[in-house]
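A.B. asks: Dropping in entry.txt, with compact mmCIF, C-alpha atoms.
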# COMPACT_ATOMS: atom_id res chain seq x y z
CA MET O 1 60.03 55.79 105.07
CA LYS O 2 57.61 58.17 103.36
CA LEU O 3 59.03 61.16 105.24
CA VAL O 4 62.61 60.25 104.32
CA GLY O 5 61.50 59.74 100.72
CA LYS O 6 59.86 63.17 100.61
CA LEU O 7 63.03 64.73 102.04
CA LEU O 8 65.16 63.08 99.39
CA ALA O 9 62.82 64.24 96.61
CA ARG O 10 62.87 67.82 97.94
CA PHE O 11 66.68 67.88 98.24
CA ARG O 12 67.08 66.37 94.74
CA ILE O 13 64.74 68.91 93.12
CA ALA O 14 66.48 71.76 94.96
CA ALA O 15 69.77 70.52 93.48
CA GLY O 16 68.23 70.60 90.00
CA LEU O 17 68.61 66.87 89.38
CA THR O 18 66.27 64.29 87.89
CA GLN O 19 65.92 60.86 89.49
CA ALA O 20 67.99 59.38 86.67
CA GLN O 21 70.77 61.96 87.11
CA LEU O 22 70.96 61.40 90.85
CA ALA O 23 70.96 57.63 90.38
CA ASP O 24 73.86 58.00 87.94
CA LEU O 25 75.87 60.09 90.40
CA ALA O 26 75.10 57.73 93.29
CA ARG O 27 75.85 54.63 91.18
CA VAL O 28 72.46 52.99 91.83
CA GLN O 29 69.49 52.03 89.68
CA VAL O 30 66.98 54.80 88.94
CA GLU O 31 64.29 52.47 90.34
CA THR O 32 66.12 52.60 93.68
CA ILE O 33 65.83 56.39 93.89
CA ALA O 34 62.20 56.29 92.72
CA SER O 35 61.23 53.63 95.26
CA ILE O 36 62.90 55.48 98.14
CA GLU O 37 61.19 58.75 97.20
CA GLN O 38 57.83 56.99 97.06
CA GLY O 39 58.37 55.45 100.51
CA ARG O 40 58.33 51.88 99.17
CA ARG O 41 61.84 50.98 100.28
CA SER O 42 64.12 52.21 103.01
CA LEU O 43 67.18 54.38 102.52
CA LEU O 44 70.22 52.47 103.77
CA PRO O 45 72.83 54.34 105.86
CA ASP O 46 75.70 54.07 103.35
CA LEU O 47 73.54 55.38 100.50
CA ALA O 48 72.16 58.14 102.76
CA GLU O 49 75.70 59.35 103.46
CA ARG O 50 76.58 59.26 99.75
CA LEU O 51 73.45 61.24 98.85
CA ASP O 52 74.17 63.81 101.58
CA GLU O 53 77.56 64.41 99.96
CA LEU O 54 76.13 64.64 96.45
CA LEU O 55 73.24 66.92 97.46
CA GLU O 56 75.28 68.90 100.02
CA THR O 57 72.61 68.36 102.68
CA LYS O 58 74.99 68.37 105.68
CA GLY O 59 74.08 64.90 106.95
CA ALA O 60 70.31 65.48 106.99
CA LEU O 61 69.45 62.19 105.27
CA ALA O 62 71.91 60.13 107.31
CA THR O 63 70.49 61.62 110.51
CA ALA O 64 66.91 60.92 109.42
CA VAL O 65 67.81 57.29 108.69
CA GLU O 66 69.65 56.91 112.00
CA TYR O 67 66.59 57.95 113.98
CA MET O 68 63.91 56.15 111.98
CA PRO O 69 61.59 54.02 114.15
CA GLU O 70 62.73 50.42 114.11
CA VAL O 71 59.33 49.29 112.85
CA ASP O 72 59.92 51.22 109.60
CA LEU O 73 63.34 49.77 108.85
CA VAL O 74 63.58 47.08 106.16
CA PRO O 75 66.33 44.66 107.26
CA ALA O 76 69.63 45.52 105.60
CA TRP O 77 70.04 41.98 104.27
CA ALA O 78 66.78 42.32 102.33
CA GLU O 79 67.84 45.60 100.73
CA GLN O 80 71.28 44.21 99.90
CA TYR O 81 69.79 41.11 98.33
CA MET O 82 67.32 43.10 96.21
CA ASP O 83 70.13 45.34 94.95
CA LEU O 84 72.13 42.24 93.99
CA GLU O 85 69.09 40.66 92.33
CA ARG O 86 68.50 43.73 90.12
CA THR O 87 71.98 43.59 88.63
CA ALA O 88 72.76 39.86 88.76
CA LEU O 89 74.18 38.17 85.68
CA THR O 90 72.79 34.80 86.77
CA LEU O 91 70.37 33.53 89.43
CA SER O 92 70.00 29.93 90.57
CA TRP O 93 66.91 29.67 92.79
CA TYR O 94 65.66 26.71 94.81
CA ASP O 95 62.40 26.98 96.76
CA ASN O 96 60.46 24.48 98.86
CA GLN O 97 58.19 26.88 100.80
CA VAL O 98 56.39 29.18 98.35
CA LEU O 99 56.81 29.94 94.68
CA PRO O 100 59.81 32.18 93.94
CA GLY O 101 58.92 35.86 94.24
CA LEU O 102 59.97 36.50 90.64
CA LEU O 103 57.32 34.01 89.44
CA GLN O 104 54.35 35.04 91.61
CA THR O 105 51.18 36.61 90.25
CA GLU O 106 49.72 39.58 92.09
CA ALA O 107 47.01 37.44 93.70
CA TYR O 108 49.52 34.82 94.87
CA ALA O 109 51.94 37.43 96.26
CA ARG O 110 49.10 39.11 98.14
CA ALA O 111 48.08 35.73 99.60
CA VAL O 112 51.65 35.06 100.77
CA PHE O 113 51.77 38.36 102.66
CA ARG O 114 48.23 37.89 103.99
CA ASN O 115 49.30 34.58 105.55
CA ARG O 116 52.07 36.25 107.51
CA VAL O 117 52.04 35.85 111.31
CA PRO O 118 52.00 38.36 112.98
CA ALA O 119 49.59 39.75 110.41
CA PHE O 120 50.37 42.67 108.11
CA SER O 121 47.89 45.53 107.73
CA GLU O 122 46.11 45.80 104.37
CA GLU O 123 48.27 48.84 103.57
CA LYS O 124 51.47 46.90 104.32
CA ILE O 125 50.24 43.96 102.22
CA ALA O 126 49.62 46.32 99.29
CA ILE O 127 53.09 47.90 99.63
CA GLN O 128 54.87 44.54 99.88
CA THR O 129 52.91 43.11 96.94
CA ALA O 130 53.73 46.12 94.73
CA SER O 131 57.39 45.85 95.67
CA ARG O 132 57.46 42.13 94.79
CA LEU O 133 55.84 42.72 91.39
CA GLU O 134 58.29 45.55 90.68
CA ARG O 135 61.19 43.13 91.15
CA GLN O 136 59.88 40.98 88.29
CA GLU O 137 60.99 43.64 85.79
CA ILE O 138 64.33 41.84 85.48
CA LEU O 139 62.59 38.95 83.68
CA HIS O 140 61.55 41.29 80.86
CA ARG O 141 64.67 43.39 80.37
CA ALA O 142 66.12 43.71 76.87
CA GLU O 143 69.10 41.70 78.17
CA PRO O 144 67.70 39.61 81.04
CA PRO O 145 69.88 37.59 83.41
CA THR O 146 70.15 33.85 83.04
CA ILE O 147 67.83 32.38 85.66
CA SER O 148 67.37 28.77 86.75
CA PHE O 149 64.50 27.85 89.08
CA VAL O 150 64.08 24.50 90.83
CA ILE O 151 60.81 24.22 92.77
CA TRP O 152 59.63 21.29 94.87
CA GLU O 153 56.31 19.94 93.58
CA PRO O 154 54.32 20.44 96.84
CA VAL O 155 54.95 24.18 96.48
CA VAL O 156 53.38 24.17 93.02
CA ARG O 157 50.38 22.23 94.33
CA LEU O 158 49.93 24.47 97.39
CA GLN O 159 46.79 26.45 96.64
CA LEU O 160 46.91 29.72 98.59
CA VAL O 161 44.40 31.41 96.27
CA SER O 162 41.00 30.78 94.68
CA ASP O 163 40.57 28.20 91.92
CA GLU O 164 40.56 30.89 89.23
CA GLU O 165 43.65 32.57 90.68
CA TYR O 166 45.41 29.20 90.99
CA VAL O 167 44.81 28.56 87.28
CA GLU O 168 46.19 32.03 86.57
CA GLN O 169 49.29 31.24 88.64
CA LEU O 170 49.92 27.93 86.84
CA ARG O 171 49.54 29.63 83.46
CA HIS O 172 51.90 32.35 84.64
CA LEU O 173 54.50 29.76 85.62
CA ARG O 174 54.21 28.20 82.19
CA ALA O 175 54.59 31.59 80.48
CA CYS O 176 57.63 32.47 82.60
CA ALA O 177 59.20 29.11 81.74
CA MET O 178 59.12 30.16 78.07
CA LEU O 179 60.92 33.47 78.61
CA PRO O 180 64.44 33.92 77.16
CA GLY O 181 67.11 32.96 79.66
CA VAL O 182 64.70 31.23 82.05
CA SER O 183 64.86 27.55 83.00
CA LEU O 184 62.08 26.17 85.21
CA GLN O 185 62.30 22.68 86.72
CA ILE O 186 60.01 21.00 89.21
CA LEU O 187 61.44 18.44 91.64
CA PRO O 188 58.70 15.77 91.75
CA LEU O 189 57.19 14.59 95.01
CA SER O 190 57.73 10.99 93.91
CA HIS O 191 61.52 11.37 93.67
CA ARG O 192 63.31 9.39 96.39
CA ALA O 193 66.37 11.68 96.53
CA HIS O 194 66.25 15.32 97.55
CA ALA O 195 69.37 17.52 97.87
CA GLY O 196 67.48 20.54 99.23
CA LEU O 197 65.96 19.27 102.47
CA ASN O 198 67.75 21.95 104.51
CA GLY O 199 65.67 24.72 102.97
CA PRO O 200 65.51 27.28 100.15
CA PHE O 201 68.46 29.30 98.85
CA ILE O 202 69.53 31.45 95.93
CA LEU O 203 72.92 31.68 94.19
CA LEU O 204 73.79 34.92 92.37
CA GLU O 205 76.60 36.01 90.07
CA THR O 206 77.26 39.75 90.28
CA PRO O 207 78.31 42.00 87.37
CA ASP O 208 81.93 41.70 88.55
CA TYR O 209 81.61 37.89 88.49
CA GLN O 210 81.50 37.39 92.26
CA GLN O 211 79.45 34.52 93.67
CA VAL O 212 76.98 35.31 96.47
CA ALA O 213 74.33 33.15 98.14
CA TYR O 214 71.14 34.08 99.95
CA SER O 215 69.23 31.81 102.31
CA GLU O 216 66.07 32.28 104.36
CA THR O 217 64.96 31.04 107.76
CA GLN O 218 61.83 31.51 109.86
CA ARG O 219 63.19 34.60 111.65
CA GLY O 220 65.60 36.12 109.19
CA SER O 221 67.78 35.68 106.17
CA LEU O 222 71.46 35.62 105.38
CA LEU O 223 73.76 36.79 102.59
CA VAL O 224 76.73 34.46 102.19
CA ALA O 225 80.01 35.29 100.44
CA ASP O 226 82.30 32.65 101.98
CA PRO O 227 83.75 30.57 99.09
CA ASP O 228 83.45 27.31 101.04
CA GLU O 229 79.75 27.89 101.75
CA ILE O 230 79.14 28.97 98.15
CA SER O 231 80.79 25.76 96.95
CA ILE O 232 78.53 23.61 99.15
CA LEU O 233 75.37 25.37 97.95
CA SER O 234 76.54 25.14 94.33
CA GLN O 235 76.96 21.39 94.73
CA LYS O 236 73.48 21.17 96.25
CA TYR O 237 71.99 23.14 93.38
CA ALA O 238 73.72 21.02 90.74
CA MET O 239 72.30 17.90 92.39
CA LEU O 240 68.81 19.45 92.63
CA ARG O 241 68.83 20.20 88.89
CA ALA O 242 69.86 16.62 88.19
CA GLN O 243 67.08 15.26 90.42
CA ALA O 244 64.36 17.55 89.03
CA LEU O 245 62.26 17.07 85.92
CA SER O 246 63.72 18.56 82.76
CA PRO O 247 62.29 21.91 81.59
CA GLU O 248 60.24 20.06 78.96
CA GLU O 249 58.94 17.52 81.50
CA THR O 250 58.12 20.42 83.83
CA LEU O 251 55.91 22.00 81.16
CA GLY O 252 54.18 18.65 80.82
CA LEU O 253 53.52 18.51 84.58
CA LEU O 254 52.07 22.04 84.53
CA ASP O 255 49.82 21.03 81.64
CA ARG O 256 48.64 17.98 83.60
CA LEU O 257 47.87 20.13 86.64
CA LEU O 258 45.87 22.51 84.46
CA GLY O 259 44.10 19.49 82.95
CA GLU O 260 43.15 18.26 86.42
CA LEU O 261 41.47 21.63 86.93
CA GLY O 262 39.52 21.24 83.69
CA VAL O 263 41.61 23.80 81.80
CA GLN O 264 42.66 22.99 78.27
Using structure tokens, write down the structure that the file contains.

C.D. replies:
Amino acid sequence: MKLVGKLLARFRIAAGLTQAQLADLARVQVETIASIEQGRRSLLPDLAERLDELLETKGALATAVEYMPEVDLVPAWAEQYMDLERTALTLSWYDNQVLPGLLQTEAYARAVFRNRVPAFSEEKIAIQTASRLERQEILHRAEPPTISFVIWEPVVRLQLVSDEEYVEQLRHLRACAMLPGVSLQILPLSHRAHAGLNGPFILLETPDYQQVAYSETQRGSLLVADPDEISILSQKYAMLRAQALSPEETLGLLDRLLGELGVQ
């Protein structure tokens, strides 16, 4: 990934283009070009071909991508989802495993990756953590997307980090809940109905108003565009929001958790 990124940077500079100019021509975010050049995300085949045409590099990038070692390839579904996430108009996010990536502190994100089996190297953990924190930029844009989070209470109580870092994470959740366009709801453990027992998922609305869903499993993830499947997940999400605490009640629960830890 680093080698391909260095090649792209060299070809771009030789063409006399800035990262922003190349991103404009390739119809991607400037952060995409920057991340590829820094070796923090993989160059997907379709974008490699487009860049070869723009930079007149005679297929060099596409060939480099084709012969990258499999261990260095980020699954295409992950790249596609992250591209959709960056430009989404709305996000509806249900999680019952870990806190949503957009709401994780650095310490929590690092702990998530450190708990991976098979284990990541420290270098890989650092790269993945930096990438996750970079994604959170969308929460602070001048015109942020509308984002709804529903999180099952055991996830909020799961303490993957030290006491101090757990307090930091709870405070961070509270701060994120107050951001413009963000709705945070916790589905309480005491509730006797639960519409999300089949696992976490995310619903997105793209800039051209298309509905897409993303779901995760133990050994992979899936982007879904089938209208029937989208409808089912939308019904599930509507029910989850109805079953969860209101945003105001959620803030109260976070305050109680902080109180249990002796934090005022």

A.B. asks: Provide the atom CA of O:Ser42 to atom CA of O:Leu61 distance in Å, to one decimal place.

C.D. replies: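 Those two atoms sit 11.5 Å apart.
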
A.B. asks: Which value, in Å to one decimal, gives the distance between atom CA of O:Arg86 and atom CA of O:Leu8?

C.D. replies: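 Straight-line distance from atom CA of O:Arg86 to atom CA of O:Leu8 works out to 21.7 Å.
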
A.B. asks: Work out how far apart atom CA of O:Leu102 and atom CA of O:Ala193 are and give it in Å to one decimal.

C.D. replies: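 According to the coordinates, atom CA of O:Leu102 and atom CA of O:Ala193 are separated by 26.3 Å.
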
A.B. asks: Do you know which residues are at most 8 Å from stretch 12-28 of chain O counting only C-alpha atoms, after dropping those on the same chain fewer than 4 positions away, and could you put them as a list in words?

C.D. replies: Leu8, Thr32, Ile33, Ala34, Leu47, Arg50, Leu51, Leu54 and Leu55 of chain O

A.B. asks: Taking only residues of stretch 56-123 of chain O that have an atom at most 9 Å from an atom of stretch 236-244 of chain O, what is each one's shortest atom pair and its distance in Å to one decimal, using only C-alpha atoms, in chain and number order, as CSV?

C.D. replies:
residue,atom,partner,partner_atom,distance
O:Ser92,CA,O:Tyr237,CA,7.6
O:Trp93,CA,O:Tyr237,CA,8.3
O:Tyr94,CA,O:Tyr237,CA,7.4

A.B. asks: Using all atoms listed in the file for the distances, tell me which of O:Gln104, O:Thr90, O:Gln136, O:Ser221 is nearest to O:Glu168.

C.D. replies: O:Gln104

A.B. asks: Taking a cut-off of 10 Å and counting only C-alpha atoms, can you build a table that, for each residue of stretch 132-189 of chain O near stretch 196-202 of chain O, reports the nearest atom pair and how far apart they are in Å (one decimal), sorted by chain then residue number, as a Markdown table?

C.D. replies:
| residue | atom | partner | partner_atom | distance |
| --- | --- | --- | --- | --- |
| O:Ser148 | CA | O:Ile202 | CA | 9.8 |
| O:Phe149 | CA | O:Ile202 | CA | 9.2 |
| O:Val150 | CA | O:Pro200 | CA | 9.8 |
| O:Ile151 | CA | O:Pro200 | CA | 9.3 |
| O:Trp152 | CA | O:Gly196 | CA | 9.0 |
| O:Leu187 | CA | O:Gly196 | CA | 9.9 |

A.B. asks: Between O:Met68, O:Ala195, O:Leu253, O:Leu179, single out the one closest to O:Ala142, counting only C-alpha atoms.

C.D. replies: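 Between O:Met68, O:Ala195, O:Leu253, O:Leu179, the residue approaching O:Ala142 most closely is O:Leu179.
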
A.B. asks: So which one's closest to O:Leu245, O:Ala119, O:Ile186, O:Val30, O:Leu99? Using all atoms listed in the file, please.

C.D. replies: O:Ile186

A.B. asks: Using only C-alpha atoms for the distances, tell me which of O:Leu43, O:Val117, O:Leu203, O:Val156 is nearest to O:Arg171.

C.D. replies: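 Result for the nearest residue to O:Arg171: O:Val156.
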
A.B. asks: Taking only C-alpha atoms into account, name the residue in O:Leu173, O:Arg157, O:His194, O:Ala213 that is nearest to O:Leu103.

C.D. replies: O:Leu173

A.B. asks: Got a sec to check which residues sit within 12 Å of (79.1, 38.0, 96.0), counting only C-alpha atoms, and write them as number ranges by chain?

C.D. replies: O: 80-81, 83-85, 87-91, 202-214, 223-227, 229-230
